$ cat query16.pdb   # PDB, C-alpha atoms
ATOM      1  CA  MET A  14      -1.028  39.118 -16.062
ATOM      2  CA  GLU A  15      -1.123  35.328 -16.491
ATOM      3  CA  SER A  16      -3.529  33.906 -19.070
ATOM      4  CA  SER A  17      -6.272  31.527 -17.898
ATOM      5  CA  SER A  18      -4.602  28.566 -19.648
ATOM      6  CA  LEU A  19      -1.310  29.270 -17.876
ATOM      7  CA  LYS A  20      -3.098  29.526 -14.542
ATOM      8  CA  ASN A  21      -4.802  26.178 -15.191
ATOM      9  CA  GLN A  22      -1.462  24.611 -16.021
ATOM     10  CA  ARG A  23       0.071  25.893 -12.804
ATOM     11  CA  THR A  24      -2.969  24.662 -10.865
ATOM     12  CA  TYR A  25      -2.505  21.077 -12.029
ATOM     13  CA  ILE A  26       1.296  20.963 -11.869
ATOM     14  CA  PRO A  27       1.327  20.209  -8.095
ATOM     15  CA  TYR A  28      -1.047  17.280  -8.616
ATOM     16  CA  ALA A  29       1.030  15.971 -11.522
ATOM     17  CA  ILE A  30       4.111  16.168  -9.310
ATOM     18  CA  THR A  31       2.310  14.189  -6.601
ATOM     19  CA  PHE A  32       1.403  11.461  -9.112
ATOM     20  CA  LEU A  33       5.041  11.274 -10.292
ATOM     21  CA  ALA A  34       6.384  11.201  -6.732
ATOM     22  CA  GLY A  35       3.862   8.468  -5.931
ATOM     23  CA  ALA A  36       5.111   6.436  -8.880
ATOM     24  CA  SER A  37       8.692   6.745  -7.604
ATOM     25  CA  TYR A  38       7.445   5.581  -4.198
ATOM     26  CA  GLY A  39       5.852   2.515  -5.767
ATOM     27  CA  LEU A  40       8.886   1.582  -7.839
ATOM     28  CA  THR A  41      11.161   1.848  -4.798
ATOM     29  CA  THR A  42       8.767  -0.288  -2.757
ATOM     30  CA  VAL A  43       8.924  -3.089  -5.320
ATOM     31  CA  VAL A  44      12.707  -3.029  -5.708
ATOM     32  CA  ILE A  45      13.389  -3.096  -1.964
ATOM     33  CA  GLY A  46      10.402  -4.981  -0.596
ATOM     34  CA  GLN A  47       9.534  -7.621  -3.208
ATOM     35  CA  PRO A  48      11.579 -10.526  -1.712
ATOM     36  CA  LEU A  49       9.901 -10.202   1.687
ATOM     37  CA  ASP A  50       6.539  -9.559   0.024
ATOM     38  CA  THR A  51       6.920 -12.892  -1.763
ATOM     39  CA  ILE A  52       7.597 -14.656   1.546
ATOM     40  CA  LYS A  53       4.662 -12.902   3.208
ATOM     41  CA  THR A  54       2.312 -13.715   0.349
ATOM     42  CA  ARG A  55       3.323 -17.382   0.241
ATOM     43  CA  MET A  56       2.781 -17.694   3.986
ATOM     44  CA  GLN A  57      -0.704 -16.241   3.554
ATOM     45  CA  GLY A  58      -1.674 -17.893   0.289
ATOM     46  CA  ILE A  59      -0.422 -21.468   0.687
ATOM     47  CA  ALA A  60      -2.719 -23.355   3.013
ATOM     48  CA  THR A  61      -0.014 -25.668   4.393
ATOM     49  CA  THR A  62       2.337 -22.937   5.657
ATOM     50  CA  SER A  63       2.895 -22.178   9.319
ATOM     51  CA  ASN A  64       1.603 -19.158  11.193
ATOM     52  CA  ALA A  65       3.190 -15.722  11.383
ATOM     53  CA  SER A  66       6.480 -16.746  12.976
ATOM     54  CA  ILE A  67      10.111 -15.856  12.399
ATOM     55  CA  SER A  68      11.017 -19.536  12.028
ATOM     56  CA  GLY A  69       8.269 -20.061   9.450
ATOM     57  CA  ALA A  70       9.382 -17.052   7.405
ATOM     58  CA  THR A  71      13.050 -18.045   7.624
ATOM     59  CA  SER A  72      12.305 -21.620   6.579
ATOM     60  CA  MET A  73      10.272 -20.464   3.579
ATOM     61  CA  PHE A  74      12.980 -17.981   2.573
ATOM     62  CA  ARG A  75      15.672 -20.664   2.632
ATOM     63  CA  ASP A  76      13.513 -23.136   0.737
ATOM     64  CA  LEU A  77      12.512 -20.691  -2.007
ATOM     65  CA  TYR A  78      15.988 -19.194  -2.376
ATOM     66  CA  GLY A  79      17.571 -22.655  -2.427
ATOM     67  CA  LYS A  80      15.287 -23.809  -5.242
ATOM     68  CA  GLU A  81      14.970 -20.672  -7.375
ATOM     69  CA  GLY A  82      17.546 -18.150  -6.143
ATOM     70  CA  ILE A  83      16.962 -14.382  -6.434
ATOM     71  CA  LYS A  84      14.546 -14.948  -9.319
ATOM     72  CA  GLY A  85      12.233 -16.868  -6.996
ATOM     73  CA  LEU A  86      12.227 -14.073  -4.417
ATOM     74  CA  TYR A  87      11.215 -11.566  -7.110
ATOM     75  CA  ARG A  88       8.528 -13.877  -8.474
ATOM     76  CA  GLY A  89       5.534 -11.834  -9.603
ATOM     77  CA  GLY A  90       7.654  -8.707  -9.735
ATOM     78  CA  LEU A  91       6.958  -7.635 -13.334
ATOM     79  CA  PRO A  92       3.228  -6.961 -12.925
ATOM     80  CA  LEU A  93       3.939  -5.241  -9.616
ATOM     81  CA  ILE A  94       6.675  -3.038 -11.087
ATOM     82  CA  ILE A  95       4.053  -1.711 -13.477
ATOM     83  CA  GLY A  96       1.058  -1.883 -11.159
ATOM     84  CA  GLY A  97       2.995  -0.900  -8.050
ATOM     85  CA  SER A  98       4.154   2.355  -9.581
ATOM     86  CA  LEU A  99       0.693   3.156 -10.894
ATOM     87  CA  MET A 100      -1.243   2.225  -7.746
ATOM     88  CA  ARG A 101       1.009   4.275  -5.436
ATOM     89  CA  SER A 102       0.788   7.104  -7.919
ATOM     90  CA  ALA A 103      -2.997   6.795  -7.745
ATOM     91  CA  GLN A 104      -3.198   6.686  -3.946
ATOM     92  CA  PHE A 105      -1.114   9.819  -3.439
ATOM     93  CA  GLY A 106      -2.525  11.685  -6.428
ATOM     94  CA  VAL A 107      -6.186  10.927  -5.792
ATOM     95  CA  SER A 108      -5.890  11.728  -2.076
ATOM     96  CA  ALA A 109      -4.242  15.073  -2.871
ATOM     97  CA  GLU A 110      -6.978  15.937  -5.378
ATOM     98  CA  ALA A 111      -9.700  14.874  -2.921
ATOM     99  CA  LYS A 112      -8.169  17.004  -0.167
ATOM    100  CA  GLY A 113      -7.993  19.966  -2.543
ATOM    101  CA  ILE A 114     -11.676  19.601  -3.464
ATOM    102  CA  LEU A 115     -12.699  19.346   0.189
ATOM    103  CA  ASP A 116     -10.644  22.413   1.127
ATOM    104  CA  ARG A 117     -12.409  24.424  -1.576
ATOM    105  CA  CYS A 118     -15.858  23.422  -0.332
ATOM    106  CA  ASP A 119     -17.864  25.469   2.142
ATOM    107  CA  ILE A 120     -18.223  22.429   4.398
ATOM    108  CA  PRO A 121     -15.933  22.764   7.435
ATOM    109  CA  SER A 122     -13.649  19.979   8.538
ATOM    110  CA  VAL A 123     -14.418  18.398  11.891
ATOM    111  CA  LYS A 124     -12.167  16.649  14.400
ATOM    112  CA  ILE A 125     -13.299  13.070  15.028
ATOM    113  CA  PHE A 126     -12.633  12.160  18.675
ATOM    114  CA  GLY A 127     -10.966  15.560  18.856
ATOM    115  CA  ILE A 128      -7.839  14.450  16.946
ATOM    116  CA  ILE A 129      -8.715  12.946  13.523
ATOM    117  CA  ASP A 130      -9.252  15.466  10.708
ATOM    118  CA  SER A 131     -12.343  14.393   8.752
ATOM    119  CA  PHE A 132     -10.935  15.797   5.482
ATOM    120  CA  VAL A 133      -7.747  13.782   5.928
ATOM    121  CA  LEU A 134      -9.764  10.621   6.616
ATOM    122  CA  ILE A 135     -12.032  11.097   3.587
ATOM    123  CA  SER A 136      -9.065  11.910   1.335
ATOM    124  CA  GLY A 137      -7.291   8.777   2.537
ATOM    125  CA  ILE A 138     -10.309   6.616   1.743
ATOM    126  CA  ALA A 139     -10.491   8.155  -1.735
ATOM    127  CA  GLY A 140      -6.778   7.496  -2.268
ATOM    128  CA  GLY A 141      -7.192   3.895  -1.138
ATOM    129  CA  MET A 142     -10.052   3.354  -3.568
ATOM    130  CA  GLY A 143      -7.980   4.861  -6.387
ATOM    131  CA  ARG A 144      -5.165   2.480  -5.531
ATOM    132  CA  ALA A 145      -7.544  -0.492  -5.470
ATOM    133  CA  LEU A 146      -8.791   0.163  -9.011
ATOM    134  CA  VAL A 147      -5.221  -0.321 -10.260
ATOM    135  CA  GLU A 148      -4.219  -3.025  -7.806
ATOM    136  CA  ILE A 149      -7.110  -5.461  -8.309
ATOM    137  CA  PRO A 150      -5.957  -6.940 -11.664
ATOM    138  CA  THR A 151      -2.193  -6.505 -11.205
ATOM    139  CA  ASP A 152      -2.060  -7.868  -7.656
ATOM    140  CA  PHE A 153      -4.141 -10.896  -8.668
ATOM    141  CA  PHE A 154      -1.545 -11.877 -11.259
ATOM    142  CA  LYS A 155       1.334 -11.133  -8.861
ATOM    143  CA  ILE A 156      -0.111 -13.318  -6.115
ATOM    144  CA  ARG A 157      -0.806 -16.211  -8.484
ATOM    145  CA  ARG A 158       2.823 -16.038  -9.649
ATOM    146  CA  GLN A 159       4.093 -15.908  -6.069
ATOM    147  CA  VAL A 160       2.153 -18.880  -4.699
ATOM    148  CA  GLN A 161       1.900 -21.157  -7.747
ATOM    149  CA  SER A 162       5.154 -22.384  -9.250
ATOM    150  CA  ASP A 163       3.313 -24.260 -12.007
ATOM    151  CA  LEU A 164       1.107 -21.364 -13.053
ATOM    152  CA  ASN A 165      -0.278 -21.708 -16.579
ATOM    153  CA  THR A 166       0.402 -18.199 -17.870
ATOM    154  CA  LYS A 167      -1.669 -18.596 -21.037
ATOM    155  CA  LEU A 168      -4.664 -19.730 -19.012
ATOM    156  CA  VAL A 169      -4.398 -16.805 -16.643
ATOM    157  CA  VAL A 170      -4.019 -14.273 -19.437
ATOM    158  CA  SER A 171      -7.027 -15.659 -21.309
ATOM    159  CA  GLU A 172      -9.222 -15.472 -18.213
ATOM    160  CA  ILE A 173      -7.616 -12.475 -16.510
ATOM    161  CA  TRP A 174     -10.653 -10.207 -16.705
ATOM    162  CA  LYS A 175     -12.840 -12.853 -15.123
ATOM    163  CA  GLN A 176     -10.493 -14.193 -12.475
ATOM    164  CA  SER A 177      -8.865 -10.887 -11.520
ATOM    165  CA  LEU A 178     -12.156  -9.714 -10.024
ATOM    166  CA  ASP A 179     -11.929 -12.480  -7.442
ATOM    167  CA  GLY A 180     -11.201 -10.719  -4.172
ATOM    168  CA  SER A 181     -11.927  -7.285  -5.644
ATOM    169  CA  SER A 182     -14.365  -6.344  -2.868
ATOM    170  CA  VAL A 183     -11.935  -7.212  -0.074
ATOM    171  CA  THR A 184      -9.125  -5.431  -1.961
ATOM    172  CA  MET A 185     -11.225  -2.277  -2.210
ATOM    173  CA  PHE A 186     -12.199  -2.524   1.467
ATOM    174  CA  ARG A 187      -8.652  -3.270   2.632
ATOM    175  CA  ASN A 188      -7.078  -0.485   0.604
ATOM    176  CA  SER A 189      -9.619   2.082   1.787
ATOM    177  CA  ILE A 190      -8.757   1.259   5.398
ATOM    178  CA  LEU A 191      -5.024   0.839   4.714
ATOM    179  CA  PHE A 192      -4.326   4.158   3.024
ATOM    180  CA  ALA A 193      -6.808   6.114   5.128
ATOM    181  CA  SER A 194      -5.067   4.769   8.234
ATOM    182  CA  PHE A 195      -1.665   5.615   6.780
ATOM    183  CA  ILE A 196      -2.660   9.221   6.094
ATOM    184  CA  VAL A 197      -4.391   9.593   9.469
ATOM    185  CA  TYR A 198      -1.352   8.227  11.331
ATOM    186  CA  ILE A 199       0.881  10.696   9.471
ATOM    187  CA  ASP A 200      -1.433  13.548  10.469
ATOM    188  CA  LEU A 201      -1.497  12.339  14.091
ATOM    189  CA  SER A 202       2.301  12.058  14.101
ATOM    190  CA  LYS A 203       2.523  15.732  13.141
ATOM    191  CA  GLN A 204       0.384  16.587  16.166
ATOM    192  CA  LEU A 205       2.572  14.470  18.443
ATOM    193  CA  VAL A 206       5.747  16.054  17.094
ATOM    194  CA  SER A 207       4.412  19.590  17.514
ATOM    195  CA  ASN A 208       3.532  18.803  21.126
ATOM    196  CA  GLY A 209       6.992  17.432  21.854
ATOM    197  CA  TYR A 210       6.007  13.795  22.373
ATOM    198  CA  VAL A 211       8.383  12.360  19.759
ATOM    199  CA  PRO A 212      12.195  12.052  20.182
ATOM    200  CA  SER A 213      13.974  14.625  18.022
ATOM    201  CA  ILE A 214      16.045  11.887  16.354
ATOM    202  CA  LEU A 215      12.877  10.723  14.586
ATOM    203  CA  CYS A 216      11.809  14.210  13.474
ATOM    204  CA  THR A 217      12.680  16.617  10.684
ATOM    205  CA  ASP A 218      15.101  19.456  11.423
ATOM    206  CA  ASP A 219      12.280  21.995  11.659
ATOM    207  CA  LEU A 220      10.211  19.668  13.904
ATOM    208  CA  SER A 221       7.256  19.836  11.513
ATOM    209  CA  GLY A 222       6.786  16.060  11.545
ATOM    210  CA  LEU A 223       8.566  12.733  11.404
ATOM    211  CA  SER A 224      11.627  12.363   9.193
ATOM    212  CA  PRO A 225      10.832  10.720   5.828
ATOM    213  CA  PHE A 226      12.158   7.254   6.729
ATOM    214  CA  ALA A 227      10.528   7.238  10.174
ATOM    215  CA  LYS A 228       7.263   8.511   8.702
ATOM    216  CA  GLY A 229       7.145   5.847   6.022
ATOM    217  CA  ALA A 230       8.213   2.987   8.289
ATOM    218  CA  ILE A 231       6.223   3.775  11.440
ATOM    219  CA  CYS A 232       2.984   5.010   9.890
ATOM    220  CA  SER A 233       2.855   2.235   7.283
ATOM    221  CA  ASN A 234       3.378  -0.440   9.941
ATOM    222  CA  LEU A 235       0.590   1.011  12.065
ATOM    223  CA  ALA A 236      -1.659   1.091   8.984
ATOM    224  CA  TRP A 237      -0.876  -2.550   8.138
ATOM    225  CA  LEU A 238      -1.584  -3.606  11.722
ATOM    226  CA  THR A 239      -4.954  -1.858  11.451
ATOM    227  CA  CYS A 240      -6.068  -4.055   8.548
ATOM    228  CA  TRP A 241      -3.771  -7.114   8.516
ATOM    229  CA  PRO A 242      -6.553  -9.746   8.828
ATOM    230  CA  LEU A 243      -8.117  -8.295   5.659
ATOM    231  CA  ASP A 244      -4.787  -8.589   3.848
ATOM    232  CA  VAL A 245      -4.652 -12.287   4.754
ATOM    233  CA  VAL A 246      -8.180 -12.770   3.398
ATOM    234  CA  LYS A 247      -7.354 -10.846   0.202
ATOM    235  CA  THR A 248      -4.355 -13.053  -0.484
ATOM    236  CA  GLN A 249      -6.340 -16.215   0.238
ATOM    237  CA  ARG A 250      -9.100 -15.163  -2.158
ATOM    238  CA  GLN A 251      -6.685 -14.277  -4.961
ATOM    239  CA  SER A 252      -4.334 -17.237  -4.469
ATOM    240  CA  GLY A 253      -6.921 -19.761  -5.685
ATOM    241  CA  ASN A 254      -5.828 -22.184  -2.937
ATOM    242  CA  PHE A 255      -8.825 -21.756  -0.648
ATOM    243  CA  ASN A 256     -11.703 -22.368  -3.039
ATOM    244  CA  GLU A 257     -12.236 -26.054  -2.357
ATOM    245  CA  SER A 258     -13.652 -25.448   1.120
ATOM    246  CA  GLY A 259     -16.456 -23.369  -0.391
ATOM    247  CA  LYS A 260     -15.844 -20.676   2.225
ATOM    248  CA  THR A 261     -14.448 -17.770   0.261
ATOM    249  CA  GLY A 262     -16.572 -14.899   1.599
ATOM    250  CA  ILE A 263     -14.808 -12.192   3.605
ATOM    251  CA  LEU A 264     -16.634 -12.967   6.849
ATOM    252  CA  GLN A 265     -16.329 -16.713   6.309
ATOM    253  CA  LEU A 266     -12.574 -16.521   5.807
ATOM    254  CA  LEU A 267     -12.122 -14.149   8.748
ATOM    255  CA  LYS A 268     -14.059 -16.543  10.972
ATOM    256  CA  SER A 269     -12.112 -19.540   9.681
ATOM    257  CA  ASN A 270      -8.784 -17.760  10.120
ATOM    258  CA  TYR A 271      -9.716 -16.761  13.665
ATOM    259  CA  LYS A 272     -10.591 -20.357  14.592
ATOM    260  CA  SER A 273      -7.389 -21.720  13.076
ATOM    261  CA  GLY A 274      -5.238 -18.956  14.538
ATOM    262  CA  VAL A 275      -3.942 -17.524  11.264
ATOM    263  CA  LEU A 276      -5.446 -14.023  11.316
ATOM    264  CA  LEU A 277      -1.918 -12.605  11.494
ATOM    265  CA  ARG A 278      -0.233 -15.071   9.147
ATOM    266  CA  GLY A 279       2.806 -13.550   7.430
ATOM    267  CA  LEU A 280       2.928 -10.611   9.856
ATOM    268  CA  VAL A 281       6.646 -10.835  10.707
ATOM    269  CA  PRO A 282       8.047 -10.686   7.128
ATOM    270  CA  GLY A 283       5.261  -8.263   6.248
ATOM    271  CA  LEU A 284       6.239  -5.699   8.878
ATOM    272  CA  ILE A 285       9.962  -6.072   8.196
ATOM    273  CA  ARG A 286       9.266  -5.519   4.506
ATOM    274  CA  SER A 287       7.000  -2.556   5.308
ATOM    275  CA  SER A 288       9.632  -0.892   7.485
ATOM    276  CA  LEU A 289      12.408  -1.191   4.915
ATOM    277  CA  SER A 290      10.447  -0.547   1.732
ATOM    278  CA  ASN A 291       8.045   2.154   2.920
ATOM    279  CA  GLY A 292      10.726   3.955   4.902
ATOM    280  CA  SER A 293      13.052   4.040   1.881
ATOM    281  CA  SER A 294      10.181   4.822  -0.496
ATOM    282  CA  MET A 295       9.111   7.816   1.559
ATOM    283  CA  VAL A 296      12.666   9.177   1.392
ATOM    284  CA  VAL A 297      12.528   8.884  -2.413
ATOM    285  CA  TYR A 298       8.998  10.336  -2.514
ATOM    286  CA  GLU A 299      10.001  13.378  -0.476
ATOM    287  CA  TYR A 300      13.104  13.970  -2.591
ATOM    288  CA  VAL A 301      11.242  13.715  -5.904
ATOM    289  CA  HIS A 302       8.316  15.829  -4.692
ATOM    290  CA  SER A 303      10.468  18.564  -3.139
ATOM    291  CA  THR A 304      12.860  18.687  -6.095
ATOM    292  CA  LEU A 305      10.099  18.975  -8.703
ATOM    293  CA  SER A 306       8.095  21.445  -6.612
ATOM    294  CA  ASP A 307      11.147  23.701  -6.291
ATOM    295  CA  LEU A 308      11.956  23.284  -9.984
ATOM    296  CA  PHE A 309       8.481  24.419 -11.084
ATOM    297  CA  GLY A 310       8.067  26.929  -8.262
ATOM    298  CA  VAL A 311       4.796  25.496  -6.942
ATOM    299  CA  THR A 312       3.397  24.872  -3.481
ATOM    300  CA  ARG A 313       2.952  21.248  -2.418
ATOM    301  CA  THR A 314      -0.638  19.990  -2.293
ATOM    302  CA  ASP A 315      -0.061  16.437  -1.058
ATOM    303  CA  ILE A 316      -1.118  15.497   2.470
ATOM    304  CA  VAL A 317       1.845  13.405   3.632
TER     305      VAL A 317
END

$ encode --input "query16.pdb" --output "structure tokens"
Amino acid sequence: MESSSLKNQRTYIPYAITFLAGASYGLTTVVIGQPLDTIKTRMQGIATTSNASISGATSMFRDLYGKEGIKGLYRGGLPLIIGGSLMRSAQFGVSAEAKGILDRCDIPSVKIFGIIDSFVLISGIAGGMGRALVEIPTDFFKIRRQVQSDLNTKLVVSEIWKQSLDGSSVTMFRNSILFASFIVYIDLSKQLVSNGYVPSILCTDDLSGLSPFAKGAICSNLAWLTCWPLDVVKTQRQSGNFNESGKTGILQLLKSNYKSGVLLRGLVPGLIRSSLSNGSSMVVYEYVHSTLSDLFGVTRTDIV
């Protein structure tokens, strides 16, 4: 008979595996997606850039690469390598733990609109909030590095705790919607696959859901489209380039962006980056999670 301590260890191993797999997802996202993330962020965070167009993204890419080379495209990468691994680890780990708690409760899950699992939605929101707690300070520093070539590093470090909170509310709000949408779209994709509405080329061999790359690319893009205007506002708040107008509130910036036609600024490089990085990252996530789960002989508890 297993001792209570051994049982507790085996109970938490699946969650630890999910956190580790999430970290591998985050690291892969940074390595593959950082150049396009830099272009997307500069389009959103520099007030003089053009709207979300292919020509605007291409022009910015050529200009930045011509001046700074590969180093310029990976500008802001160091804080995101650290923060990116931790925040993806948090979003997957916290959502898995939240789903486990909800499943153990006596409260039944309900289907919103007949298709959205309430437990999945709540777990996604929790995962998004967990991600935001890590992302708020690290993403602030990343964005400042990406949009300001003459950034005074010593000044930023000395005031990091004060300035990093700028945009924290919109980051928390955006991430809650972003990851909840991502998890919900994955759950909906499983329903579509089981009902035969998805081409087999996009599905796993056992037709239990989308293949890892398709799942990461398609569901992440749908999630980003769900909250893209908030991502633009978040970048504007954290860039420090939109403070002179005095309109830095979420609603004020959304209204201003709508009037000026930049609600979707940076969308093209953003979605290309999302497809490549999240598709590849999900492949890595699935490999790490499955390998470690088999190694320790535990059942998966994640919800992706």

$ atom_distance --input "query16.pdb" --atom1 "CA of Ile263 (chain A)" --atom2 "CA of Arg187 (chain A)"
10.9 Å

$ atom_distance --input "query16.pdb" --atom1 "CA of Ile149 (chain A)" --atom2 "CA of Thr51 (chain A)"
17.2 Å

$ resolve_selection --input "query16.pdb" --expression "the PyMOL selection byres ((chain A and resi 142-146) around 8)" --output "list in words"
Leu99, Met100, Arg101, Ser102, Ala103, Gln104, Val107, Ile138, Ala139, Gly140, Gly141, Val147, Glu148, Ile149, Thr184, Met185, Asn188 and Ser189 of chain A

$ closest_residue --input "query16.pdb" --among "A:Phe74, A:Phe309, A:Phe226, A:Phe153" --to "Gly58 (chain A)" --atoms "only C-alpha atoms"
A:Phe153

$ resolve_selection --input "query16.pdb" --expression "the PyMOL selection byres ((chain A and resi 201) around 12)" --output "CSV table (one decimal) with C-alpha atoms, keeping the file's coordinate frame"
chain,number,residue,atom,x,y,z
A,124,LYS,CA,-12.2,16.6,14.4
A,125,ILE,CA,-13.3,13.1,15.0
A,127,GLY,CA,-11.0,15.6,18.9
A,128,ILE,CA,-7.8,14.4,16.9
A,129,ILE,CA,-8.7,12.9,13.5
A,130,ASP,CA,-9.3,15.5,10.7
A,133,VAL,CA,-7.7,13.8,5.9
A,134,LEU,CA,-9.8,10.6,6.6
A,194,SER,CA,-5.1,4.8,8.2
A,195,PHE,CA,-1.7,5.6,6.8
A,196,ILE,CA,-2.7,9.2,6.1
A,197,VAL,CA,-4.4,9.6,9.5
A,198,TYR,CA,-1.4,8.2,11.3
A,199,ILE,CA,0.9,10.7,9.5
A,200,ASP,CA,-1.4,13.5,10.5
A,202,SER,CA,2.3,12.1,14.1
A,203,LYS,CA,2.5,15.7,13.1
A,204,GLN,CA,0.4,16.6,16.2
A,205,LEU,CA,2.6,14.5,18.4
A,206,VAL,CA,5.7,16.1,17.1
A,207,SER,CA,4.4,19.6,17.5
A,208,ASN,CA,3.5,18.8,21.1
A,210,TYR,CA,6.0,13.8,22.4
A,211,VAL,CA,8.4,12.4,19.8
A,221,SER,CA,7.3,19.8,11.5
A,222,GLY,CA,6.8,16.1,11.5
A,223,LEU,CA,8.6,12.7,11.4
A,228,LYS,CA,7.3,8.5,8.7
A,231,ILE,CA,6.2,3.8,11.4
A,232,CYS,CA,3.0,5.0,9.9
A,235,LEU,CA,0.6,1.0,12.1
A,317,VAL,CA,1.8,13.4,3.6

$ closest_residue --input "query16.pdb" --among "A:Tyr78, A:Phe186, A:Tyr28, A:Tyr298" --to "Ala111 (chain A)" --atoms "only C-alpha atoms"
A:Tyr28

$ atom_distance --input "query16.pdb" --atom1 "CA of Asp50 (chain A)" --atom2 "CA of Ser303 (chain A)"
28.6 Å

$ closest_residue --input "query16.pdb" --among "A:Ile285, A:Val43, A:Ile52, A:Ala70" --to "Ile94 (chain A)" --atoms "all atoms listed in the file"
A:Val43

$ closest_residue --input "query16.pdb" --among "A:Ile95, A:Ile26, A:Leu289, A:Leu277" --to "Pro150 (chain A)" --atoms "all atoms listed in the file"
A:Ile95

$ closest_residue --input "query16.pdb" --among "A:Gly279, A:Gly39, A:Gly69, A:Gly85" --to "Phe105 (chain A)" --atoms "all atoms listed in the file"
A:Gly39

$ axis_aligned_box --input "query16.pdb" --around "region 137-146 of chain A" --padding-each-side "3 Å" --output "JSON"
{"center_x": -7.8, "center_y": 4.1, "center_z": -3.2, "size_x": 11.3, "size_y": 15.3, "size_z": 17.5}

$ decode --input "query16.pdb" --residues "region 207-220 of chain A" --atoms "N, CA, C and O atoms" --output "mmCIF file, in the first residue's frame"
data_model
loop_
_atom_site.group_PDB
_atom_site.id
_atom_site.type_symbol
_atom_site.label_atom_id
_atom_site.label_comp_id
_atom_site.auth_asym_id
_atom_site.auth_seq_id
_atom_site.Cartn_x
_atom_site.Cartn_y
_atom_site.Cartn_z
ATOM 1 N N SER A 207 -14.849 15.524 -33.329
ATOM 2 C CA SER A 207 -15.624 14.317 -33.002
ATOM 3 C C SER A 207 -16.883 14.187 -33.844
ATOM 4 O O SER A 207 -17.382 13.083 -34.069
ATOM 5 N N ASN A 208 -17.390 15.329 -34.324
ATOM 6 C CA ASN A 208 -18.588 15.315 -35.162
ATOM 7 C C ASN A 208 -18.273 15.281 -36.650
ATOM 8 O O ASN A 208 -19.168 15.377 -37.494
ATOM 9 N N GLY A 209 -16.984 15.171 -36.976
ATOM 10 C CA GLY A 209 -16.578 15.020 -38.364
ATOM 11 C C GLY A 209 -16.589 16.278 -39.200
ATOM 12 O O GLY A 209 -16.650 16.202 -40.439
ATOM 13 N N TYR A 210 -16.506 17.444 -38.558
ATOM 14 C CA TYR A 210 -16.547 18.708 -39.297
ATOM 15 C C TYR A 210 -15.170 19.239 -39.688
ATOM 16 O O TYR A 210 -15.072 20.272 -40.352
ATOM 17 N N VAL A 211 -14.116 18.554 -39.269
ATOM 18 C CA VAL A 211 -12.755 19.029 -39.534
ATOM 19 C C VAL A 211 -12.043 18.045 -40.447
ATOM 20 O O VAL A 211 -12.111 16.826 -40.229
ATOM 21 N N PRO A 212 -11.352 18.528 -41.504
ATOM 22 C CA PRO A 212 -10.602 17.631 -42.399
ATOM 23 C C PRO A 212 -9.607 16.789 -41.612
ATOM 24 O O PRO A 212 -8.937 17.286 -40.696
ATOM 25 N N SER A 213 -9.498 15.523 -41.959
ATOM 26 C CA SER A 213 -8.641 14.597 -41.218
ATOM 27 C C SER A 213 -7.172 15.016 -41.229
ATOM 28 O O SER A 213 -6.421 14.679 -40.315
ATOM 29 N N ILE A 214 -6.756 15.767 -42.253
ATOM 30 C CA ILE A 214 -5.363 16.199 -42.340
ATOM 31 C C ILE A 214 -4.985 17.121 -41.181
ATOM 32 O O ILE A 214 -3.810 17.258 -40.836
ATOM 33 N N LEU A 215 -5.974 17.759 -40.577
ATOM 34 C CA LEU A 215 -5.719 18.674 -39.465
ATOM 35 C C LEU A 215 -5.880 17.996 -38.107
ATOM 36 O O LEU A 215 -5.680 18.630 -37.068
ATOM 37 N N CYS A 216 -6.221 16.718 -38.096
ATOM 38 C CA CYS A 216 -6.554 16.033 -36.846
ATOM 39 C C CYS A 216 -5.465 15.036 -36.434
ATOM 40 O O CYS A 216 -4.597 14.666 -37.231
ATOM 41 N N THR A 217 -5.539 14.610 -35.194
ATOM 42 C CA THR A 217 -4.652 13.561 -34.699
ATOM 43 C C THR A 217 -5.066 12.230 -35.323
ATOM 44 O O THR A 217 -6.168 12.097 -35.864
ATOM 45 N N ASP A 218 -4.204 11.236 -35.219
ATOM 46 C CA ASP A 218 -4.481 9.931 -35.825
ATOM 47 C C ASP A 218 -5.722 9.269 -35.244
ATOM 48 O O ASP A 218 -6.459 8.578 -35.956
ATOM 49 N N ASP A 219 -5.963 9.488 -33.936
ATOM 50 C CA ASP A 219 -7.125 8.873 -33.305
ATOM 51 C C ASP A 219 -8.373 9.754 -33.375
ATOM 52 O O ASP A 219 -9.408 9.419 -32.790
ATOM 53 N N LEU A 220 -8.270 10.890 -34.088
ATOM 54 C CA LEU A 220 -9.399 11.811 -34.275
ATOM 55 C C LEU A 220 -9.984 12.299 -32.945
ATOM 56 O O LEU A 220 -11.194 12.512 -32.815
#
